[in-house]
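Engineer: My questions all concern the structure below.
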Amino acid sequence: MTIHLIPGAPAVSAGERSFMLENAAGMTVTIGERGAQLRAWVAPDRYGRMADVVQSDLDGIPSGGRATRWEGRQANGVVSLALTAGGDGAGMLVHYRLDDEGALSIEYQAVAGVPIPLAALAHPSFNLSGSLADVGDHMVQIDADYFEETGPGGTPAGVAAVGGTAFDFRQAAAIGPRLHWTDTQLQRAGGFDHCFCVRNHFAGGQGQLREVARVFDPASGRRLQLHTTEAAVRFSSGAGLPRLDAFRVEAHARPGLMSAAWPRVMLHPGQVYRQTTVYRLSLQA
């Protein structure tokens with residue numbers, strides 16, 4: 001496969017590269033080898049103005065040592081990044097694809113060399129206005145009846161119903177006003193930084209790829225939809241993301257809480273874990 005390096009792309013460190021995908025509408029995404037992370041997503045607003053809706057914190061992305069370095073390739077409209085660690089057969093593979101409908105498909109595969117708990121992957125921060133404003137007016141909707149509560153020390157404390165709380169996003173609600181609700185969970189986390197159980201929280205596990213969350217910016221008209229095969233979604237805004245600059249919405253294999261209902265997801269030697277996440281960026285009337 002041929003490697004296509006983006007001319008003029010900022011180098012995170014020596015030898016680390018970035019790759020670009022573009023669809024027929026002129027939408028582009030940039031993926032970097034460092035952390036195998038989405039770095040930029042340039043798309044039009046309702047007036048045709050192009051802007052980057054991703055906020056990338058490069059300082060917070062681990063590059064890994066020489067033995068754990070991501071290596072990327074681009075061919076046939078797919079960016080593939082592989083990570084190998086040590087000589088025990090462990091590794092991870094990530095494929096990015098962008099279609100002409102604005103859907104960015106991210107397929108993950110991981111294999112363990114020794115028994116390890118499955119960890120969450122790094123995900124980007126978004127601002128659908130293109131950082132022209134904060135995300136306080138962004139409308140969030142999450143198909144979840146339950147969310148994971150946080151204890152005083154910041155550790156998972158239990159699963160609670162979203163009804164009657166600031167975490168009820170079953171109907172679309174703006175981020176900013178919700179952050180002003182009097183809610184112990186918001187106070188403990190400094191905002192939203194919680195896992196939502198998008199499927200039956202007693203079952204867990206993976207399922208068919210389906211839409212589980214969506215975020216809409218009324219000012220720009222941009223809408224981001226999240227599809228996943230996973231059982232949980234983590235939504236963050238206002239917690240560790242100062243001045244409501246951005247939000248994160250990402251798929252998780254399980255909430256952080258471990259119980260009989262949500263056991264620790266373990267990978268055993270030779271076992272392969274697969275996950276698909278699709279972000280679709282479009283315009284909403």
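Chain labels follow the order of the structure tokens: the first chain is A, the next B, and so on; residue numbering restarts at 1 in every chain, and ligands are counted from 1 in their shown order.
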Excluding Val212 in chain A and any residue of its chain fewer than 3 positions from it, enumerate the residues within 7 Å of it, using only C-alpha atoms, and give them as a PyMOL selection string.

Structural biologist: chain A and resi 142-143+198+226-227

Engineer: Pick out the residues sitting within 12 Å of range 177-185 of chain A, and hand them over as a PDB file with N, CA, C and O atoms, in the first residue's frame; count only C-alpha atoms, and ignore anything fewer than 5 positions along from it in its own chain.

Structural biologist:
ATOM      1  N   VAL A 135     -20.206  25.534  22.855  1.00  0.00           N
ATOM      2  CA  VAL A 135     -21.190  24.492  22.532  1.00  0.00           C
ATOM      3  C   VAL A 135     -22.413  24.546  23.446  1.00  0.00           C
ATOM      4  O   VAL A 135     -23.208  23.613  23.473  1.00  0.00           O
ATOM      5  N   GLY A 136     -22.581  25.656  24.165  1.00  0.00           N
ATOM      6  CA  GLY A 136     -23.699  25.773  25.096  1.00  0.00           C
ATOM      7  C   GLY A 136     -25.055  25.624  24.446  1.00  0.00           C
ATOM      8  O   GLY A 136     -25.999  25.118  25.059  1.00  0.00           O
ATOM      9  N   ASP A 137     -25.187  26.047  23.174  1.00  0.00           N
ATOM     10  CA  ASP A 137     -26.458  25.948  22.470  1.00  0.00           C
ATOM     11  C   ASP A 137     -26.611  24.642  21.704  1.00  0.00           C
ATOM     12  O   ASP A 137     -27.666  24.396  21.103  1.00  0.00           O
ATOM     13  N   HIS A 138     -25.587  23.815  21.693  1.00  0.00           N
ATOM     14  CA  HIS A 138     -25.679  22.536  20.987  1.00  0.00           C
ATOM     15  C   HIS A 138     -26.759  21.673  21.644  1.00  0.00           C
ATOM     16  O   HIS A 138     -26.819  21.550  22.874  1.00  0.00           O
ATOM     17  N   MET A 139     -27.601  21.065  20.828  1.00  0.00           N
ATOM     18  CA  MET A 139     -28.686  20.222  21.302  1.00  0.00           C
ATOM     19  C   MET A 139     -28.238  18.748  21.275  1.00  0.00           C
ATOM     20  O   MET A 139     -27.828  18.237  20.237  1.00  0.00           O
ATOM     21  N   VAL A 140     -28.331  18.098  22.444  1.00  0.00           N
ATOM     22  CA  VAL A 140     -27.861  16.721  22.597  1.00  0.00           C
ATOM     23  C   VAL A 140     -29.042  15.787  22.812  1.00  0.00           C
ATOM     24  O   VAL A 140     -29.960  16.101  23.569  1.00  0.00           O
ATOM     25  N   PHE A 147     -27.885   5.975  33.439  1.00  0.00           N
ATOM     26  CA  PHE A 147     -26.519   6.483  33.348  1.00  0.00           C
ATOM     27  C   PHE A 147     -25.750   6.020  34.573  1.00  0.00           C
ATOM     28  O   PHE A 147     -26.330   5.583  35.576  1.00  0.00           O
ATOM     29  N   GLU A 148     -24.455   6.127  34.490  1.00  0.00           N
ATOM     30  CA  GLU A 148     -23.574   5.684  35.569  1.00  0.00           C
ATOM     31  C   GLU A 148     -23.262   6.850  36.511  1.00  0.00           C
ATOM     32  O   GLU A 148     -22.724   7.866  36.080  1.00  0.00           O
ATOM     33  N   GLU A 149     -23.604   6.692  37.781  1.00  0.00           N
ATOM     34  CA  GLU A 149     -23.316   7.719  38.781  1.00  0.00           C
ATOM     35  C   GLU A 149     -21.857   7.640  39.230  1.00  0.00           C
ATOM     36  O   GLU A 149     -21.231   6.585  39.184  1.00  0.00           O
ATOM     37  N   THR A 150     -21.358   8.790  39.672  1.00  0.00           N
ATOM     38  CA  THR A 150     -19.982   8.893  40.157  1.00  0.00           C
ATOM     39  C   THR A 150     -19.983   9.136  41.652  1.00  0.00           C
ATOM     40  O   THR A 150     -20.765   9.950  42.157  1.00  0.00           O
ATOM     41  N   GLY A 151     -19.103   8.423  42.368  1.00  0.00           N
ATOM     42  CA  GLY A 151     -18.998   8.589  43.804  1.00  0.00           C
ATOM     43  C   GLY A 151     -18.166   9.799  44.177  1.00  0.00           C
ATOM     44  O   GLY A 151     -17.594  10.468  43.315  1.00  0.00           O
ATOM     45  N   PRO A 152     -18.065  10.111  45.489  1.00  0.00           N
ATOM     46  CA  PRO A 152     -17.312  11.291  45.945  1.00  0.00           C
ATOM     47  C   PRO A 152     -15.861  11.291  45.484  1.00  0.00           C
ATOM     48  O   PRO A 152     -15.273  12.345  45.252  1.00  0.00           O
ATOM     49  N   GLY A 153     -15.257  10.129  45.331  1.00  0.00           N
ATOM     50  CA  GLY A 153     -13.861  10.060  44.902  1.00  0.00           C
ATOM     51  C   GLY A 153     -13.683  10.020  43.404  1.00  0.00           C
ATOM     52  O   GLY A 153     -12.567   9.850  42.906  1.00  0.00           O
ATOM     53  N   GLY A 154     -14.775  10.154  42.657  1.00  0.00           N
ATOM     54  CA  GLY A 154     -14.692  10.133  41.209  1.00  0.00           C
ATOM     55  C   GLY A 154     -14.798   8.751  40.606  1.00  0.00           C
ATOM     56  O   GLY A 154     -14.706   8.598  39.384  1.00  0.00           O
ATOM     57  N   THR A 155     -14.986   7.724  41.446  1.00  0.00           N
ATOM     58  CA  THR A 155     -15.112   6.359  40.942  1.00  0.00           C
ATOM     59  C   THR A 155     -16.574   6.027  40.678  1.00  0.00           C
ATOM     60  O   THR A 155     -17.476   6.614  41.290  1.00  0.00           O
ATOM     61  N   PRO A 156     -16.858   5.084  39.773  1.00  0.00           N
ATOM     62  CA  PRO A 156     -18.247   4.695  39.496  1.00  0.00           C
ATOM     63  C   PRO A 156     -18.934   4.196  40.758  1.00  0.00           C
ATOM     64  O   PRO A 156     -18.364   3.437  41.540  1.00  0.00           O
ATOM     65  N   ALA A 157     -20.187   4.651  40.973  1.00  0.00           N
ATOM     66  CA  ALA A 157     -20.885   4.326  42.213  1.00  0.00           C
ATOM     67  C   ALA A 157     -22.159   3.523  41.996  1.00  0.00           C
ATOM     68  O   ALA A 157     -22.678   2.940  42.941  1.00  0.00           O
ATOM     69  N   GLY A 158     -22.678   3.495  40.796  1.00  0.00           N
ATOM     70  CA  GLY A 158     -23.915   2.774  40.564  1.00  0.00           C
ATOM     71  C   GLY A 158     -24.591   3.238  39.297  1.00  0.00           C
ATOM     72  O   GLY A 158     -24.126   4.168  38.632  1.00  0.00           O
ATOM     73  N   ALA A 160     -28.179   4.672  37.639  1.00  0.00           N
ATOM     74  CA  ALA A 160     -29.408   5.356  38.030  1.00  0.00           C
ATOM     75  C   ALA A 160     -30.234   5.695  36.801  1.00  0.00           C
ATOM     76  O   ALA A 160     -29.708   5.844  35.690  1.00  0.00           O
ATOM     77  N   VAL A 162     -32.308   8.061  34.312  1.00  0.00           N
ATOM     78  CA  VAL A 162     -32.069   9.448  33.901  1.00  0.00           C
ATOM     79  C   VAL A 162     -33.275  10.334  34.172  1.00  0.00           C
ATOM     80  O   VAL A 162     -33.144  11.566  34.245  1.00  0.00           O
ATOM     81  N   GLY A 164     -35.981  12.764  35.386  1.00  0.00           N
ATOM     82  CA  GLY A 164     -35.992  13.789  36.424  1.00  0.00           C
ATOM     83  C   GLY A 164     -34.625  14.339  36.768  1.00  0.00           C
ATOM     84  O   GLY A 164     -34.486  15.094  37.734  1.00  0.00           O
ATOM     85  N   THR A 165     -33.586  13.989  35.994  1.00  0.00           N
ATOM     86  CA  THR A 165     -32.221  14.481  36.263  1.00  0.00           C
ATOM     87  C   THR A 165     -31.711  15.280  35.069  1.00  0.00           C
ATOM     88  O   THR A 165     -32.313  15.290  33.983  1.00  0.00           O
ATOM     89  N   ALA A 166     -30.563  15.912  35.283  1.00  0.00           N
ATOM     90  CA  ALA A 166     -29.929  16.660  34.196  1.00  0.00           C
ATOM     91  C   ALA A 166     -29.418  15.739  33.095  1.00  0.00           C
ATOM     92  O   ALA A 166     -29.017  16.200  32.021  1.00  0.00           O
ATOM     93  N   PHE A 167     -29.447  14.427  33.351  1.00  0.00           N
ATOM     94  CA  PHE A 167     -28.891  13.453  32.425  1.00  0.00           C
ATOM     95  C   PHE A 167     -29.954  12.836  31.503  1.00  0.00           C
ATOM     96  O   PHE A 167     -29.655  11.904  30.760  1.00  0.00           O
ATOM     97  N   ASP A 168     -31.152  13.383  31.562  1.00  0.00           N
ATOM     98  CA  ASP A 168     -32.219  12.873  30.702  1.00  0.00           C
ATOM     99  C   ASP A 168     -32.157  13.576  29.346  1.00  0.00           C
ATOM    100  O   ASP A 168     -32.702  14.656  29.147  1.00  0.00           O
ATOM    101  N   PHE A 169     -31.455  12.943  28.408  1.00  0.00           N
ATOM    102  CA  PHE A 169     -31.331  13.467  27.050  1.00  0.00           C
ATOM    103  C   PHE A 169     -32.147  12.630  26.071  1.00  0.00           C
ATOM    104  O   PHE A 169     -31.818  12.586  24.884  1.00  0.00           O
ATOM    105  N   ALA A 172     -34.093  15.975  22.935  1.00  0.00           N
ATOM    106  CA  ALA A 172     -32.965  16.880  22.728  1.00  0.00           C
ATOM    107  C   ALA A 172     -33.000  18.050  23.706  1.00  0.00           C
ATOM    108  O   ALA A 172     -34.057  18.646  23.944  1.00  0.00           O
ATOM    109  N   GLY A 190     -17.750  18.228  37.748  1.00  0.00           N
ATOM    110  CA  GLY A 190     -17.463  19.537  37.167  1.00  0.00           C
ATOM    111  C   GLY A 190     -18.159  19.750  35.840  1.00  0.00           C
ATOM    112  O   GLY A 190     -17.792  20.623  35.050  1.00  0.00           O
ATOM    113  N   GLY A 191     -19.186  18.959  35.579  1.00  0.00           N
ATOM    114  CA  GLY A 191     -19.916  19.021  34.318  1.00  0.00           C
ATOM    115  C   GLY A 191     -20.343  17.618  33.924  1.00  0.00           C
ATOM    116  O   GLY A 191     -20.471  16.727  34.771  1.00  0.00           O
ATOM    117  N   PHE A 192     -20.543  17.412  32.637  1.00  0.00           N
ATOM    118  CA  PHE A 192     -20.886  16.084  32.139  1.00  0.00           C
ATOM    119  C   PHE A 192     -19.611  15.319  31.804  1.00  0.00           C
ATOM    120  O   PHE A 192     -18.783  15.784  31.021  1.00  0.00           O
ATOM    121  N   ASP A 193     -19.458  14.168  32.395  1.00  0.00           N
ATOM    122  CA  ASP A 193     -18.379  13.242  32.058  1.00  0.00           C
ATOM    123  C   ASP A 193     -18.826  11.866  32.542  1.00  0.00           C
ATOM    124  O   ASP A 193     -18.250  11.292  33.463  1.00  0.00           O
ATOM    125  N   HIS A 194     -19.889  11.365  31.910  1.00  0.00           N
ATOM    126  CA  HIS A 194     -20.584  10.188  32.415  1.00  0.00           C
ATOM    127  C   HIS A 194     -20.917   9.214  31.293  1.00  0.00           C
ATOM    128  O   HIS A 194     -21.043   9.595  30.127  1.00  0.00           O
ATOM    129  N   CYS A 195     -21.061   7.961  31.703  1.00  0.00           N
ATOM    130  CA  CYS A 195     -21.403   6.890  30.783  1.00  0.00           C
ATOM    131  C   CYS A 195     -22.913   6.683  30.783  1.00  0.00           C
ATOM    132  O   CYS A 195     -23.553   6.697  31.839  1.00  0.00           O
ATOM    133  N   SER A 236     -19.270  13.913  27.394  1.00  0.00           N
ATOM    134  CA  SER A 236     -18.488  14.846  28.221  1.00  0.00           C
ATOM    135  C   SER A 236     -18.621  16.256  27.676  1.00  0.00           C
ATOM    136  O   SER A 236     -18.528  16.473  26.466  1.00  0.00           O
ATOM    137  N   SER A 237     -18.823  17.202  28.569  1.00  0.00           N
ATOM    138  CA  SER A 237     -18.781  18.621  28.227  1.00  0.00           C
ATOM    139  C   SER A 237     -18.790  19.425  29.522  1.00  0.00           C
ATOM    140  O   SER A 237     -19.531  19.110  30.456  1.00  0.00           O
ATOM    141  N   GLY A 238     -17.955  20.421  29.589  1.00  0.00           N
ATOM    142  CA  GLY A 238     -17.864  21.245  30.790  1.00  0.00           C
ATOM    143  C   GLY A 238     -16.978  20.657  31.861  1.00  0.00           C
ATOM    144  O   GLY A 238     -16.651  21.321  32.842  1.00  0.00           O
ATOM    145  N   ALA A 239     -16.555  19.402  31.704  1.00  0.00           N
ATOM    146  CA  ALA A 239     -15.675  18.745  32.676  1.00  0.00           C
ATOM    147  C   ALA A 239     -14.346  18.464  32.001  1.00  0.00           C
ATOM    148  O   ALA A 239     -14.261  17.587  31.149  1.00  0.00           O
ATOM    149  N   ARG A 243     -14.692  26.334  29.492  1.00  0.00           N
ATOM    150  CA  ARG A 243     -15.516  27.351  28.840  1.00  0.00           C
ATOM    151  C   ARG A 243     -16.451  26.751  27.774  1.00  0.00           C
ATOM    152  O   ARG A 243     -16.802  27.401  26.807  1.00  0.00           O
ATOM    153  N   LEU A 244     -16.833  25.492  27.973  1.00  0.00           N
ATOM    154  CA  LEU A 244     -17.737  24.852  27.026  1.00  0.00           C
ATOM    155  C   LEU A 244     -17.214  24.934  25.594  1.00  0.00           C
ATOM    156  O   LEU A 244     -17.979  25.131  24.650  1.00  0.00           O
TER     157      LEU A 244
END

Engineer: What separation in Å, quoted to one decimal, exists between CA of Ser220 in chain A and CA of Ile31 in chain A?

Structural biologist: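 These atoms are spaced 23.8 Å apart.
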
Engineer: Counting only C-alpha atoms, figure out which residue out of A:Glu22, A:Glu101, A:Asp134, A:Glu211 gets nearest to Phe247 in chain A.

Structural biologist: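 The closest residue to Phe247 in chain A is A:Asp134.
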
Engineer: Using DSSP on the backbone coordinates, identify the residues of range 25-238 of chain A assigned to strand (DSSP E or B); present them as a PyMOL selection string.

Structural biologist: chain A and resi 28-32+38-44+50-52+54-55+70-75+78-84+91-98+103-112+116-117+125-126+139-142+146-150+156-161+173-174+192-197+210-216+222-228+232-238
